[in-house]
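Data from final13.cif: mmCIF, C-alpha atoms
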```
data_input
#
loop_
_atom_site.label_atom_id
_atom_site.label_comp_id
_atom_site.auth_asym_id
_atom_site.auth_seq_id
_atom_site.Cartn_x
_atom_site.Cartn_y
_atom_site.Cartn_z
CA MET A 1 -32.48 167.43 93.50
CA ALA A 2 -34.73 165.80 90.89
CA GLN A 3 -33.41 162.37 91.85
CA LYS A 4 -34.03 163.12 95.53
CA ALA A 5 -37.60 164.26 94.80
CA ALA A 6 -38.24 161.10 92.78
CA ASN A 7 -37.00 158.96 95.64
CA GLN A 8 -39.40 160.71 98.03
CA GLN A 9 -42.43 159.86 95.90
CA ALA A 10 -44.79 157.17 97.19
CA THR A 11 -46.90 154.66 95.28
CA PHE A 12 -50.67 155.22 95.38
CA VAL A 13 -53.42 152.76 94.45
CA TRP A 14 -56.34 154.57 92.84
CA GLU A 15 -59.78 153.95 91.36
CA GLY A 16 -61.88 156.32 89.28
CA THR A 17 -63.92 156.86 86.11
CA ASP A 18 -62.71 158.01 82.70
CA LYS A 19 -64.35 160.47 80.31
CA ARG A 20 -66.85 157.84 79.17
CA GLY A 21 -67.86 157.01 82.73
CA GLU A 22 -66.15 153.62 82.72
CA ARG A 23 -64.42 152.38 85.86
CA VAL A 24 -60.61 152.32 85.73
CA LYS A 25 -57.95 151.62 88.35
CA GLY A 26 -54.18 151.47 88.69
CA GLU A 27 -51.06 152.53 90.57
CA ASN A 28 -48.95 155.66 90.18
CA LYS A 29 -46.21 157.49 92.05
CA ALA A 30 -46.70 160.98 93.46
CA ALA A 31 -45.46 163.16 96.32
CA ASN A 32 -48.80 163.01 98.17
CA VAL A 33 -52.51 162.23 97.76
CA THR A 34 -53.36 165.75 96.54
CA MET A 35 -50.75 165.60 93.78
CA MET A 36 -51.96 162.14 92.80
CA LYS A 37 -55.56 163.34 92.43
CA ALA A 38 -54.44 166.36 90.45
CA GLU A 39 -52.46 164.14 88.06
CA LEU A 40 -55.46 161.85 87.54
CA ARG A 41 -57.75 164.81 86.77
CA ARG A 42 -55.16 166.08 84.28
CA LEU A 43 -55.38 162.72 82.51
CA GLY A 44 -59.17 162.96 82.32
CA ILE A 45 -59.85 160.53 85.16
CA GLN A 46 -62.22 161.44 88.00
CA PRO A 47 -60.69 159.83 91.14
CA LYS A 48 -63.02 157.96 93.49
CA SER A 49 -60.49 156.57 95.95
CA VAL A 50 -56.74 157.12 96.33
CA ARG A 51 -54.73 155.34 99.00
CA ARG A 52 -51.07 154.91 99.67
CA LYS A 53 -49.69 151.44 98.92
CA SER A 54 -48.03 149.76 101.88
CA ALA A 55 -44.39 148.70 101.72
CA LEU A 56 -45.35 145.15 102.74
CA ALA A 57 -47.62 144.83 99.71
CA SER A 58 -44.81 145.96 97.44
CA LEU A 59 -42.37 143.47 99.01
CA GLY A 60 -44.89 140.66 98.64
CA GLN A 61 -44.98 140.99 94.86
CA ARG A 62 -42.86 138.58 92.89
CA LYS A 63 -42.12 138.39 89.21
CA LYS A 64 -44.55 136.19 87.34
CA LYS A 65 -44.49 134.85 83.83
CA ILE A 66 -46.29 137.01 81.28
CA GLU A 67 -49.30 135.07 80.02
CA ALA A 68 -51.42 135.55 76.90
CA GLY A 69 -54.18 136.86 79.16
CA ASP A 70 -51.88 139.68 80.30
CA ILE A 71 -51.38 140.74 76.67
CA ALA A 72 -55.15 140.70 76.12
CA VAL A 73 -55.68 142.90 79.19
CA PHE A 74 -52.89 145.20 77.97
CA SER A 75 -54.68 145.64 74.62
CA ARG A 76 -58.05 146.25 76.28
CA GLN A 77 -56.70 148.79 78.78
CA LEU A 78 -54.68 150.68 76.17
CA ALA A 79 -57.72 150.82 73.87
CA THR A 80 -59.83 152.19 76.74
CA MET A 81 -57.21 154.81 77.61
CA MET A 82 -56.86 156.01 74.01
CA ASN A 83 -60.62 156.03 73.47
CA ALA A 84 -60.92 158.21 76.57
CA GLY A 85 -58.51 160.72 75.03
CA VAL A 86 -55.46 159.82 77.16
CA PRO A 87 -52.24 160.31 75.14
CA LEU A 88 -50.39 157.09 74.26
CA VAL A 89 -47.30 157.72 76.41
CA GLN A 90 -49.35 158.69 79.46
CA GLY A 91 -51.62 155.70 78.97
CA LEU A 92 -48.62 153.39 78.89
CA ASP A 93 -47.25 155.09 82.01
CA ILE A 94 -50.52 154.58 83.90
CA MET A 95 -50.64 150.92 82.87
CA ALA A 96 -47.01 150.27 83.73
CA SER A 97 -47.29 151.73 87.20
CA GLY A 98 -50.64 150.07 87.90
CA HIS A 99 -49.97 146.51 86.77
CA GLN A 100 -49.79 143.82 89.45
CA ASN A 101 -47.20 141.74 87.57
CA PRO A 102 -43.67 143.24 87.86
CA SER A 103 -42.61 141.50 84.63
CA MET A 104 -45.49 143.15 82.80
CA ARG A 105 -44.56 146.50 84.33
CA GLU A 106 -41.04 146.15 82.95
CA LEU A 107 -42.36 145.20 79.51
CA ILE A 108 -44.78 148.15 79.32
CA GLY A 109 -42.06 150.46 80.67
CA SER A 110 -39.72 149.36 77.89
CA ILE A 111 -42.43 149.97 75.27
CA LYS A 112 -43.16 153.38 76.78
CA GLY A 113 -39.46 154.31 76.61
CA ASP A 114 -39.29 153.43 72.91
CA VAL A 115 -42.47 155.37 72.13
CA GLU A 116 -41.17 158.40 74.05
CA GLY A 117 -38.03 158.22 71.91
CA GLY A 118 -40.11 158.64 68.73
CA THR A 119 -40.65 154.99 67.77
CA ASN A 120 -44.04 153.90 66.47
CA LEU A 121 -46.02 151.65 68.79
CA SER A 122 -45.94 148.78 66.27
CA GLU A 123 -42.14 149.02 66.03
CA ALA A 124 -41.82 149.17 69.82
CA LEU A 125 -43.99 146.05 70.15
CA ALA A 126 -42.01 144.25 67.44
CA LYS A 127 -38.92 144.44 69.68
CA HIS A 128 -40.65 141.91 71.96
CA PRO A 129 -41.61 139.06 69.58
CA ARG A 130 -42.00 136.66 72.48
CA TYR A 131 -45.15 138.50 73.56
CA PHE A 132 -46.28 140.33 70.40
CA ASN A 133 -46.28 138.18 67.26
CA ASP A 134 -46.37 139.38 63.64
CA LEU A 135 -50.17 139.33 63.60
CA PHE A 136 -50.38 141.64 66.62
CA CYS A 137 -47.76 144.04 65.25
CA ASN A 138 -49.34 144.08 61.76
CA LEU A 139 -52.74 144.99 63.17
CA VAL A 140 -51.28 147.73 65.36
CA GLU A 141 -49.39 149.09 62.35
CA ALA A 142 -52.62 149.07 60.30
CA GLY A 143 -54.39 150.93 63.12
CA GLU A 144 -51.64 153.56 63.31
CA SER A 145 -51.72 154.08 59.52
CA ALA A 146 -55.52 154.45 59.42
CA GLY A 147 -55.76 156.53 62.62
CA VAL A 148 -57.98 153.97 64.35
CA LEU A 149 -55.48 152.49 66.79
CA ASP A 150 -57.98 152.39 69.68
CA THR A 151 -60.49 150.44 67.57
CA LEU A 152 -57.85 147.98 66.39
CA LEU A 153 -56.54 147.45 69.93
CA ASP A 154 -60.08 146.71 71.07
CA LYS A 155 -60.50 144.17 68.25
CA LEU A 156 -57.15 142.66 69.16
CA ALA A 157 -58.22 142.28 72.79
CA THR A 158 -61.43 140.52 71.71
CA TYR A 159 -59.45 138.28 69.35
CA LEU A 160 -56.92 137.33 72.04
CA GLU A 161 -59.63 136.67 74.62
CA LYS A 162 -61.58 134.41 72.23
CA THR A 163 -58.57 132.42 70.99
CA GLU A 164 -57.11 132.05 74.48
CA SER A 165 -60.48 130.84 75.76
CA ILE A 166 -60.51 128.06 73.15
CA LYS A 167 -56.91 127.10 73.94
CA LYS A 168 -57.64 126.86 77.66
CA LYS A 169 -60.69 124.68 77.11
CA ILE A 170 -58.79 122.32 74.82
CA ARG A 171 -55.89 122.13 77.29
CA LYS A 172 -58.37 121.40 80.07
CA ALA A 173 -60.00 118.63 78.04
CA MET A 174 -56.58 117.08 77.30
CA PHE A 175 -55.07 117.66 80.73
CA TYR A 176 -57.79 115.93 82.72
CA PRO A 177 -57.37 112.40 81.27
CA ALA A 178 -53.58 112.81 81.08
CA ALA A 179 -53.43 113.78 84.76
CA VAL A 180 -55.62 110.83 85.75
CA ILE A 181 -53.44 108.42 83.75
CA VAL A 182 -50.31 109.75 85.49
CA VAL A 183 -51.93 109.43 88.92
CA ALA A 184 -53.17 105.91 88.10
CA PHE A 185 -49.68 104.85 87.02
CA ILE A 186 -48.08 106.28 90.17
CA VAL A 187 -50.66 104.60 92.44
CA THR A 188 -50.22 101.28 90.61
CA ALA A 189 -46.41 101.55 90.89
CA ILE A 190 -46.64 102.24 94.65
CA LEU A 191 -48.89 99.22 95.14
CA LEU A 192 -46.58 96.99 93.11
CA ILE A 193 -43.38 98.17 94.84
CA PHE A 194 -44.55 98.42 98.47
CA VAL A 195 -47.85 96.56 99.00
CA VAL A 196 -47.63 93.46 96.80
CA PRO A 197 -44.29 92.30 98.37
CA GLU A 198 -46.01 92.10 101.77
CA PHE A 199 -48.61 89.71 100.34
CA GLN A 200 -45.88 87.81 98.49
CA SER A 201 -44.02 87.02 101.74
CA MET A 202 -47.29 85.84 103.26
CA PHE A 203 -48.07 83.58 100.26
CA GLN A 204 -44.68 81.84 100.52
CA GLY A 205 -45.91 79.89 103.57
CA PHE A 206 -49.03 78.57 101.82
CA GLY A 207 -47.22 75.59 100.28
CA ALA A 208 -49.56 75.63 97.25
CA ASP A 209 -49.50 76.94 93.71
CA LEU A 210 -50.76 80.49 93.34
CA PRO A 211 -53.44 81.44 90.78
CA VAL A 212 -52.09 82.54 87.40
CA PHE A 213 -53.39 86.09 87.82
CA THR A 214 -51.74 86.43 91.24
CA GLN A 215 -48.46 85.04 89.92
CA PHE A 216 -48.54 87.52 87.05
CA VAL A 217 -49.00 90.48 89.45
CA ILE A 218 -46.17 89.21 91.68
CA THR A 219 -43.86 88.88 88.66
CA LEU A 220 -44.80 92.42 87.60
CA SER A 221 -44.10 93.60 91.14
CA GLU A 222 -40.63 92.02 91.06
CA VAL A 223 -39.87 93.78 87.78
CA PHE A 224 -40.91 97.15 89.27
CA GLN A 225 -38.85 96.52 92.42
CA GLN A 226 -35.69 95.72 90.49
CA TYR A 227 -36.00 98.14 87.57
CA TRP A 228 -38.16 100.99 88.89
CA TYR A 229 -35.47 103.56 88.07
CA VAL A 230 -35.26 102.25 84.49
CA ILE A 231 -39.06 102.35 84.09
CA PHE A 232 -39.51 105.85 85.54
CA GLY A 233 -36.35 107.15 83.86
CA GLY A 234 -37.45 105.71 80.53
CA ILE A 235 -40.90 107.31 80.75
CA ILE A 236 -39.49 110.71 81.77
CA GLY A 237 -36.82 110.47 79.06
CA ALA A 238 -39.41 109.56 76.44
CA VAL A 239 -41.60 112.54 77.40
CA VAL A 240 -38.64 114.96 77.32
CA ALA A 241 -37.45 113.53 73.98
CA PHE A 242 -40.96 113.83 72.53
CA VAL A 243 -41.25 117.47 73.60
CA MET A 244 -37.81 118.38 72.22
CA VAL A 245 -38.32 116.61 68.89
CA HIS A 246 -41.83 118.08 68.57
CA ARG A 247 -40.42 121.54 69.18
CA ARG A 248 -37.48 121.24 66.76
CA SER A 249 -38.66 118.93 63.97
CA ARG A 250 -41.32 120.35 61.68
CA ARG A 251 -41.78 116.97 59.97
CA PHE A 252 -42.44 115.23 63.28
CA ARG A 253 -44.80 118.03 64.37
CA ARG A 254 -46.72 117.72 61.11
CA PHE A 255 -47.00 113.94 61.60
CA ILE A 256 -48.33 114.34 65.17
CA ASP A 257 -50.81 117.06 64.12
CA ARG A 258 -52.05 114.86 61.29
CA MET A 259 -52.52 111.91 63.64
CA LEU A 260 -54.35 114.07 66.19
CA LEU A 261 -56.81 115.26 63.52
CA ARG A 262 -57.59 111.60 62.69
CA LEU A 263 -58.43 110.59 66.26
CA PRO A 264 -62.14 109.65 66.61
CA ILE A 265 -63.19 112.06 69.39
CA VAL A 266 -60.34 114.53 69.80
CA GLY A 267 -59.82 115.04 66.05
CA PRO A 268 -63.16 116.79 65.32
CA ILE A 269 -62.64 119.12 68.30
CA LEU A 270 -59.17 120.14 67.10
CA ASP A 271 -60.50 120.51 63.55
CA LYS A 272 -63.29 122.86 64.62
CA ALA A 273 -60.96 124.81 66.92
CA ALA A 274 -58.55 125.40 64.00
CA THR A 275 -61.46 126.51 61.79
CA ALA A 276 -62.63 128.91 64.51
CA ARG A 277 -59.13 130.39 64.84
CA PHE A 278 -58.91 130.74 61.05
CA GLY A 279 -62.20 132.62 60.90
CA ARG A 280 -61.49 134.82 63.93
CA THR A 281 -57.96 135.76 62.83
CA LEU A 282 -58.76 136.42 59.17
CA SER A 283 -61.89 138.39 60.13
CA THR A 284 -59.92 140.60 62.52
CA MET A 285 -57.13 141.27 60.02
CA PHE A 286 -59.44 141.85 57.05
CA ALA A 287 -61.56 144.28 59.10
CA ALA A 288 -58.34 146.17 59.92
CA GLY A 289 -57.65 146.70 56.23
CA VAL A 290 -54.78 144.23 55.97
CA PRO A 291 -54.53 142.88 52.37
CA LEU A 292 -55.86 139.34 52.01
CA VAL A 293 -52.56 137.79 50.88
CA GLU A 294 -50.68 139.35 53.78
CA ALA A 295 -53.46 138.38 56.19
CA LEU A 296 -53.30 134.73 55.11
CA GLU A 297 -49.58 134.73 55.88
CA SER A 298 -50.32 135.64 59.50
CA VAL A 299 -53.40 133.42 59.73
CA SER A 300 -51.38 130.32 58.78
CA GLY A 301 -49.42 130.46 62.01
CA ALA A 302 -52.42 131.28 64.19
CA CYS A 303 -54.46 128.10 63.57
CA GLY A 304 -52.35 126.04 65.98
CA ASN A 305 -51.93 123.09 63.62
CA SER A 306 -49.13 122.55 61.09
CA VAL A 307 -51.49 120.78 58.65
CA TYR A 308 -53.64 123.91 58.50
CA GLU A 309 -50.55 126.09 58.33
CA ASP A 310 -49.22 124.33 55.21
CA ARG A 311 -52.57 124.35 53.43
CA ILE A 312 -53.26 128.02 54.21
CA LEU A 313 -49.83 128.98 52.84
CA GLU A 314 -50.79 127.14 49.65
CA MET A 315 -54.07 129.09 49.65
CA LYS A 316 -52.09 132.31 50.00
CA ASP A 317 -50.10 131.53 46.85
CA GLN A 318 -53.30 130.71 44.96
CA VAL A 319 -54.98 133.95 46.09
CA ALA A 320 -51.86 135.90 45.06
CA SER A 321 -52.21 134.38 41.56
CA GLY A 322 -55.82 135.63 41.25
CA GLN A 323 -57.99 132.87 42.73
CA GLN A 324 -60.92 133.76 44.97
CA LEU A 325 -60.58 132.86 48.65
CA ASN A 326 -63.63 130.56 48.69
CA VAL A 327 -62.24 128.61 45.71
CA THR A 328 -58.90 128.04 47.44
CA MET A 329 -60.73 127.02 50.63
CA ARG A 330 -62.72 124.41 48.72
CA LEU A 331 -59.60 123.05 46.99
CA SER A 332 -57.76 122.74 50.32
CA ASN A 333 -60.25 120.07 51.55
CA LEU A 334 -59.90 121.50 55.06
CA PHE A 335 -63.08 123.47 55.57
CA PRO A 336 -66.69 122.27 55.77
CA HIS A 337 -69.05 123.20 52.95
CA MET A 338 -70.85 125.74 55.16
CA VAL A 339 -67.62 127.65 55.83
CA VAL A 340 -66.77 127.78 52.11
CA GLN A 341 -70.25 129.04 51.26
CA MET A 342 -70.10 131.71 53.98
CA ALA A 343 -66.77 132.90 52.59
CA ALA A 344 -68.23 132.98 49.05
CA ILE A 345 -71.21 135.05 50.22
CA GLY A 346 -68.89 137.38 52.10
CA GLU A 347 -66.71 137.94 49.03
CA GLU A 348 -69.70 138.61 46.78
CA SER A 349 -71.35 141.01 49.24
CA GLY A 350 -68.16 142.74 50.41
CA SER A 351 -68.68 141.59 53.99
CA LEU A 352 -66.05 138.86 54.27
CA ASP A 353 -64.95 139.99 57.75
CA THR A 354 -68.53 139.77 59.07
CA MET A 355 -69.15 136.33 57.58
CA LEU A 356 -65.86 134.94 58.91
CA SER A 357 -66.65 136.38 62.33
CA LYS A 358 -69.98 134.52 62.29
CA VAL A 359 -68.14 131.34 61.29
CA ALA A 360 -65.75 131.81 64.22
CA ASP A 361 -68.65 132.37 66.66
CA PHE A 362 -70.41 129.22 65.44
CA TYR A 363 -67.37 126.95 65.68
CA GLU A 364 -66.25 128.38 69.03
CA GLU A 365 -69.67 127.42 70.40
CA GLU A 366 -69.35 123.99 68.77
CA VAL A 367 -65.96 123.48 70.44
CA ASP A 368 -67.44 124.48 73.81
CA ASN A 369 -70.30 121.99 73.45
CA GLN A 370 -68.07 119.13 72.31
CA ILE A 371 -65.56 119.70 75.11
CA ASP A 372 -68.39 119.66 77.66
CA SER A 373 -69.69 116.42 76.14
CA LEU A 374 -66.18 114.93 76.14
CA SER A 375 -65.68 115.83 79.79
CA SER A 376 -68.99 114.17 80.70
CA LEU A 377 -67.97 111.07 78.76
CA LEU A 378 -64.46 110.88 80.21
CA GLU A 379 -65.45 111.06 83.88
CA PRO A 380 -67.18 107.64 84.08
CA LEU A 381 -64.62 106.14 81.67
CA ILE A 382 -61.70 107.26 83.83
CA MET A 383 -63.40 106.00 86.99
CA ALA A 384 -63.87 102.63 85.29
CA VAL A 385 -60.19 102.46 84.28
CA LEU A 386 -59.06 103.33 87.81
CA GLY A 387 -61.47 100.76 89.25
CA VAL A 388 -60.13 98.05 86.95
CA LEU A 389 -56.49 98.84 87.79
CA VAL A 390 -56.81 99.11 91.56
CA GLY A 391 -59.55 96.50 91.83
CA GLY A 392 -57.55 94.07 89.70
CA LEU A 393 -54.55 94.35 92.03
CA VAL A 394 -56.73 93.85 95.10
CA ILE A 395 -58.44 90.79 93.58
CA ALA A 396 -55.08 89.32 92.57
CA MET A 397 -53.80 89.59 96.16
CA TYR A 398 -56.93 88.21 97.84
CA LEU A 399 -57.62 85.45 95.32
CA PRO A 400 -55.29 82.90 97.04
CA ILE A 401 -56.91 83.72 100.39
CA PHE A 402 -60.38 83.08 98.94
CA GLN A 403 -59.21 79.78 97.45
CA MET A 404 -57.69 78.71 100.77
CA GLY A 405 -60.97 79.51 102.50
CA GLN A 406 -62.86 77.29 100.05
CA VAL A 407 -60.45 74.39 100.71
CA ILE A 408 -60.93 74.73 104.46
#
```
Turn the structure described in the file into structure tokens.
Amino acid sequence: MAQKAANQQATFVWEGTDKRGERVKGENKAANVTMMKAELRRLGIQPKSVRRKSALASLGQRKKKIEAGDIAVFSRQLATMMNAGVPLVQGLDIMASGHQNPSMRELIGSIKGDVEGGTNLSEALAKHPRYFNDLFCNLVEAGESAGVLDTLLDKLATYLEKTESIKKKIRKAMFYPAAVIVVAFIVTAILLIFVVPEFQSMFQGFGADLPVFTQFVITLSEVFQQYWYVIFGGIIGAVVAFVMVHRRSRRFRRFIDRMLLRLPIVGPILDKAATARFGRTLSTMFAAGVPLVEALESVSGACGNSVYEDRILEMKDQVASGQQLNVTMRLSNLFPHMVVQMAAIGEESGSLDTMLSKVADFYEEEVDNQIDSLSSLLEPLIMAVLGVLVGGLVIAMYLPIFQMGQVI
């Protein structure tokens, strides 16, 4: 009978306000609209609108990959639910049933099942290391121990949103020129394989020597026509090999990260982004009451650069032996003088988390400004490169025609 009743329940999409007056929304199953509203009121939510979800909308949903942004939203929603007085299991149930991503619904449902079985939230999250790393689980565990889980989840959401924002901006700055280079190569290859041969057949009837530049382009075209599969296969193979070696070889990854930090324009951006992540992560963990040595262990993997990771692990050992954090930061030769001084002031005044948070805010803004400047610089540069490539091919093909016109 219970199974039959469960099967008869429908899914309702609802919107309402919690105990603090903040707007919340989601999806839940119930027998009818009245039962749905009653359940929401029992959870401390004042319903504003409740409507039945259509079957077509449910069929239209497909599984999507769980992104870092989904985890940030999960943290923010769970913090809001707990702050509103909603019990943990019920909050997880509301989130699971109301999430648009089926993969996320399954993940939250699994966490809810573990918590219902008596497992701590941090332990339930640790069973999914792909989505919740050690830093996330350590902070949740600290929040559970101190009885401030809602506050820690809110800090985690802010931390994830800030770090993900920096990552997206850096990816955007790197992706734009890479995409243009790929497009330029493909357009050039098409011209060499399909367009240049048409001109070549026309030039054969001229009965005169072709200009050196034109002959060079024709030779290049012949190479592409005969070995295009080798060229494209070699490039694709090189990219795949690079990704695999970068993923598996720590030594190679360290070499690439070191080279990236030395690049004239990109290097300073990556350097400041790593400093911002260091400040944001350490500030969040220290504010949660995580011991400094343990916090540095987690921070080392959050900076996104193996050079920083190695140096921060060395700093951790020095701090464990009694050195002050600002001294180890100065000895690492990674951080600017201002960052070291801010850390020293924070240690002396007992406000290290606040000072590191200010450092993170400053360098996040610096990264934003430099990426905007880089984008403005790259746009005309990329247009110039494309103009030289395409224009050079056009000039090479029309140069014999111009010379013939001069002779006539």
**Request:** Can you work out the spacing between atom CA of A:Leu292 and atom CA of A:Ser306 in Å, to one decimal?
**Result:** 20.2 Å
**Selection: 12 Å around A:Ile265, only C-alpha atoms, excl. self and same-chain fewer than 2 positions, as a PyMOL selection string** = chain A and resi 173-174+260-263+267-272+367+370-371+373-375+377-378
Write to file, as a short mmCIF file (atom, residue, chain, number, x, y, z; two decimals), in the coordinates of the input, the residues of the selection just made, with C-alpha atoms.
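File written: selection_6.cif
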```cif
data_model
loop_
_atom_site.label_atom_id
_atom_site.label_comp_id
_atom_site.auth_asym_id
_atom_site.auth_seq_id
_atom_site.Cartn_x
_atom_site.Cartn_y
_atom_site.Cartn_z
CA ALA A 173 -60.00 118.63 78.04
CA MET A 174 -56.58 117.08 77.30
CA LEU A 260 -54.35 114.07 66.19
CA LEU A 261 -56.81 115.26 63.52
CA ARG A 262 -57.59 111.60 62.69
CA LEU A 263 -58.43 110.59 66.26
CA GLY A 267 -59.82 115.04 66.05
CA PRO A 268 -63.16 116.79 65.32
CA ILE A 269 -62.64 119.12 68.30
CA LEU A 270 -59.17 120.14 67.10
CA ASP A 271 -60.50 120.51 63.55
CA LYS A 272 -63.29 122.86 64.62
CA VAL A 367 -65.96 123.48 70.44
CA GLN A 370 -68.07 119.13 72.31
CA ILE A 371 -65.56 119.70 75.11
CA SER A 373 -69.69 116.42 76.14
CA LEU A 374 -66.18 114.93 76.14
CA SER A 375 -65.68 115.83 79.79
CA LEU A 377 -67.97 111.07 78.76
CA LEU A 378 -64.46 110.88 80.21
#
```
**Message:** I'd like to see the residues matched by the PyMOL selection byres ((chain A and resi 51) around 12) on this file, and ideally I'd get them as a list in words.
**Reply:**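 Against this file, the PyMOL selection byres ((chain A and resi 51) around 12) returns the residues Ala10, Thr11, Phe12, Val13, Trp14, Glu15, Lys25, Gly26, Glu27, Asn28, Lys29, Ala30, Asn32, Val33, Thr34, Met36, Lys37, Pro47, Lys48, Ser49, Val50, Arg52, Lys53 and Ser54 of chain A.
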Create the file for the chosen residues now, containing C-alpha atoms and written as an mmCIF file, in the coordinates of the input.
```cif
data_model
loop_
_atom_site.group_PDB
_atom_site.id
_atom_site.type_symbol
_atom_site.label_atom_id
_atom_site.label_comp_id
_atom_site.auth_asym_id
_atom_site.auth_seq_id
_atom_site.Cartn_x
_atom_site.Cartn_y
_atom_site.Cartn_z
ATOM 1 C CA ALA A 10 -44.790 157.170 97.190
ATOM 2 C CA THR A 11 -46.900 154.660 95.280
ATOM 3 C CA PHE A 12 -50.670 155.220 95.380
ATOM 4 C CA VAL A 13 -53.420 152.760 94.450
ATOM 5 C CA TRP A 14 -56.340 154.570 92.840
ATOM 6 C CA GLU A 15 -59.780 153.950 91.360
ATOM 7 C CA LYS A 25 -57.950 151.620 88.350
ATOM 8 C CA GLY A 26 -54.180 151.470 88.690
ATOM 9 C CA GLU A 27 -51.060 152.530 90.570
ATOM 10 C CA ASN A 28 -48.950 155.660 90.180
ATOM 11 C CA LYS A 29 -46.210 157.490 92.050
ATOM 12 C CA ALA A 30 -46.700 160.980 93.460
ATOM 13 C CA ASN A 32 -48.800 163.010 98.170
ATOM 14 C CA VAL A 33 -52.510 162.230 97.760
ATOM 15 C CA THR A 34 -53.360 165.750 96.540
ATOM 16 C CA MET A 36 -51.960 162.140 92.800
ATOM 17 C CA LYS A 37 -55.560 163.340 92.430
ATOM 18 C CA PRO A 47 -60.690 159.830 91.140
ATOM 19 C CA LYS A 48 -63.020 157.960 93.490
ATOM 20 C CA SER A 49 -60.490 156.570 95.950
ATOM 21 C CA VAL A 50 -56.740 157.120 96.330
ATOM 22 C CA ARG A 52 -51.070 154.910 99.670
ATOM 23 C CA LYS A 53 -49.690 151.440 98.920
ATOM 24 C CA SER A 54 -48.030 149.760 101.880
#
```
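With distances restricted to all atoms listed in the file, A:Asp310 is the closest residue to A:Arg253 from A:Asp310, A:Ser110, A:Ala142, A:Val223.
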**Item:** One-decimal distance in Å that lies between atom CA of A:Val140 and atom CA of A:Met82
**Value:** 13.2 Å
**Message:** Could you list, as a count of residues only, every residue matched by the PyMOL selection byres ((chain A and resi 287) around 12) in this structure?
**Reply:** 31
**Item:** Given all atoms listed in the file as the counted atoms, nearest of A:Val24, A:Leu192, A:Met81, A:Gln90 to A:Val394
**Value:**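 Closest to A:Val394, using all atoms listed in the file: A:Leu192.
All protein, DNA and RNA residues at most 8 Å from (-53.9, 130.4, 49.1) are Val293, Leu296, Arg311, Ile312, Leu313, Glu314, Met315, Lys316, Asp317, Gln318, Val319, Ala320, Gln323, Leu325, Thr328 and Met329 of chain A, using all atoms listed in the file.
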**Message:** Please determine, counting all atoms listed in the file, which residue among A:Ile108, A:Ile218, A:Leu399, A:Ala124 has the shortest atom-to-atom distance to A:Ile193.
**Reply:** A:Ile218
Skipping near chain neighbours, those fewer than 5 positions away, what residues fall within 12 Å of A:Pro87 using only C-alpha atoms, listed as a compact mmCIF listing (two decimals) with C-alpha atoms, keeping the file's coordinate frame?
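What landed in selection_26.txt:
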```txt
# COMPACT_ATOMS: atom_id res chain seq x y z
CA ARG A 42 -55.16 166.08 84.28
CA LEU A 43 -55.38 162.72 82.51
CA GLY A 44 -59.17 162.96 82.32
CA LEU A 78 -54.68 150.68 76.17
CA ALA A 79 -57.72 150.82 73.87
CA THR A 80 -59.83 152.19 76.74
CA MET A 81 -57.21 154.81 77.61
CA MET A 82 -56.86 156.01 74.01
CA LEU A 92 -48.62 153.39 78.89
CA ASP A 93 -47.25 155.09 82.01
CA ILE A 94 -50.52 154.58 83.90
CA LYS A 112 -43.16 153.38 76.78
CA VAL A 115 -42.47 155.37 72.13
CA GLU A 116 -41.17 158.40 74.05
CA LEU A 149 -55.48 152.49 66.79
CA ASP A 150 -57.98 152.39 69.68
```
**Item:** Pairwise distance for atom CA of A:Met104 and atom CA of A:Leu125, rounded to one decimal in Å
**Value:**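 These two atoms are separated by 13.1 Å.
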**Residues selected by the PyMOL selection byres ((chain A and resi 308) around 10), written as a PyMOL selection string** = chain A and resi 254+257-258+271+274-275+278+299-307+309-314+332+334-335
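Considering the residues A:Arg277, A:Gln77, A:Gln225, A:Glu161 and counting all atoms listed in the file, A:Ala189 has its shortest atom-to-atom contact with A:Gln225.
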Residue rebuild result stretch 18-24 of chain A, N, CA and C atoms as a PDB file, in the frame of the given file:
```pdb
ATOM      1  N   ASP A  18     -63.275 157.226  83.794  1.00  0.00           N
ATOM      2  CA  ASP A  18     -62.710 158.010  82.700  1.00  0.00           C
ATOM      3  C   ASP A  18     -63.771 158.912  82.090  1.00  0.00           C
ATOM      4  N   LYS A  19     -63.447 159.496  80.931  1.00  0.00           N
ATOM      5  CA  LYS A  19     -64.350 160.470  80.310  1.00  0.00           C
ATOM      6  C   LYS A  19     -65.661 159.836  79.849  1.00  0.00           C
ATOM      7  N   ARG A  20     -65.625 158.515  79.604  1.00  0.00           N
ATOM      8  CA  ARG A  20     -66.850 157.840  79.170  1.00  0.00           C
ATOM      9  C   ARG A  20     -67.662 157.280  80.332  1.00  0.00           C
ATOM     10  N   GLY A  21     -67.168 157.504  81.547  1.00  0.00           N
ATOM     11  CA  GLY A  21     -67.860 157.010  82.730  1.00  0.00           C
ATOM     12  C   GLY A  21     -67.518 155.584  83.099  1.00  0.00           C
ATOM     13  N   GLU A  22     -66.540 154.993  82.417  1.00  0.00           N
ATOM     14  CA  GLU A  22     -66.150 153.620  82.720  1.00  0.00           C
ATOM     15  C   GLU A  22     -65.160 153.583  83.871  1.00  0.00           C
ATOM     16  N   ARG A  23     -65.259 152.515  84.675  1.00  0.00           N
ATOM     17  CA  ARG A  23     -64.420 152.380  85.860  1.00  0.00           C
ATOM     18  C   ARG A  23     -63.011 151.952  85.474  1.00  0.00           C
ATOM     19  N   VAL A  24     -62.015 152.659  85.970  1.00  0.00           N
ATOM     20  CA  VAL A  24     -60.610 152.320  85.730  1.00  0.00           C
ATOM     21  C   VAL A  24     -59.875 152.349  87.066  1.00  0.00           C
TER      22      VAL A  24
END
```
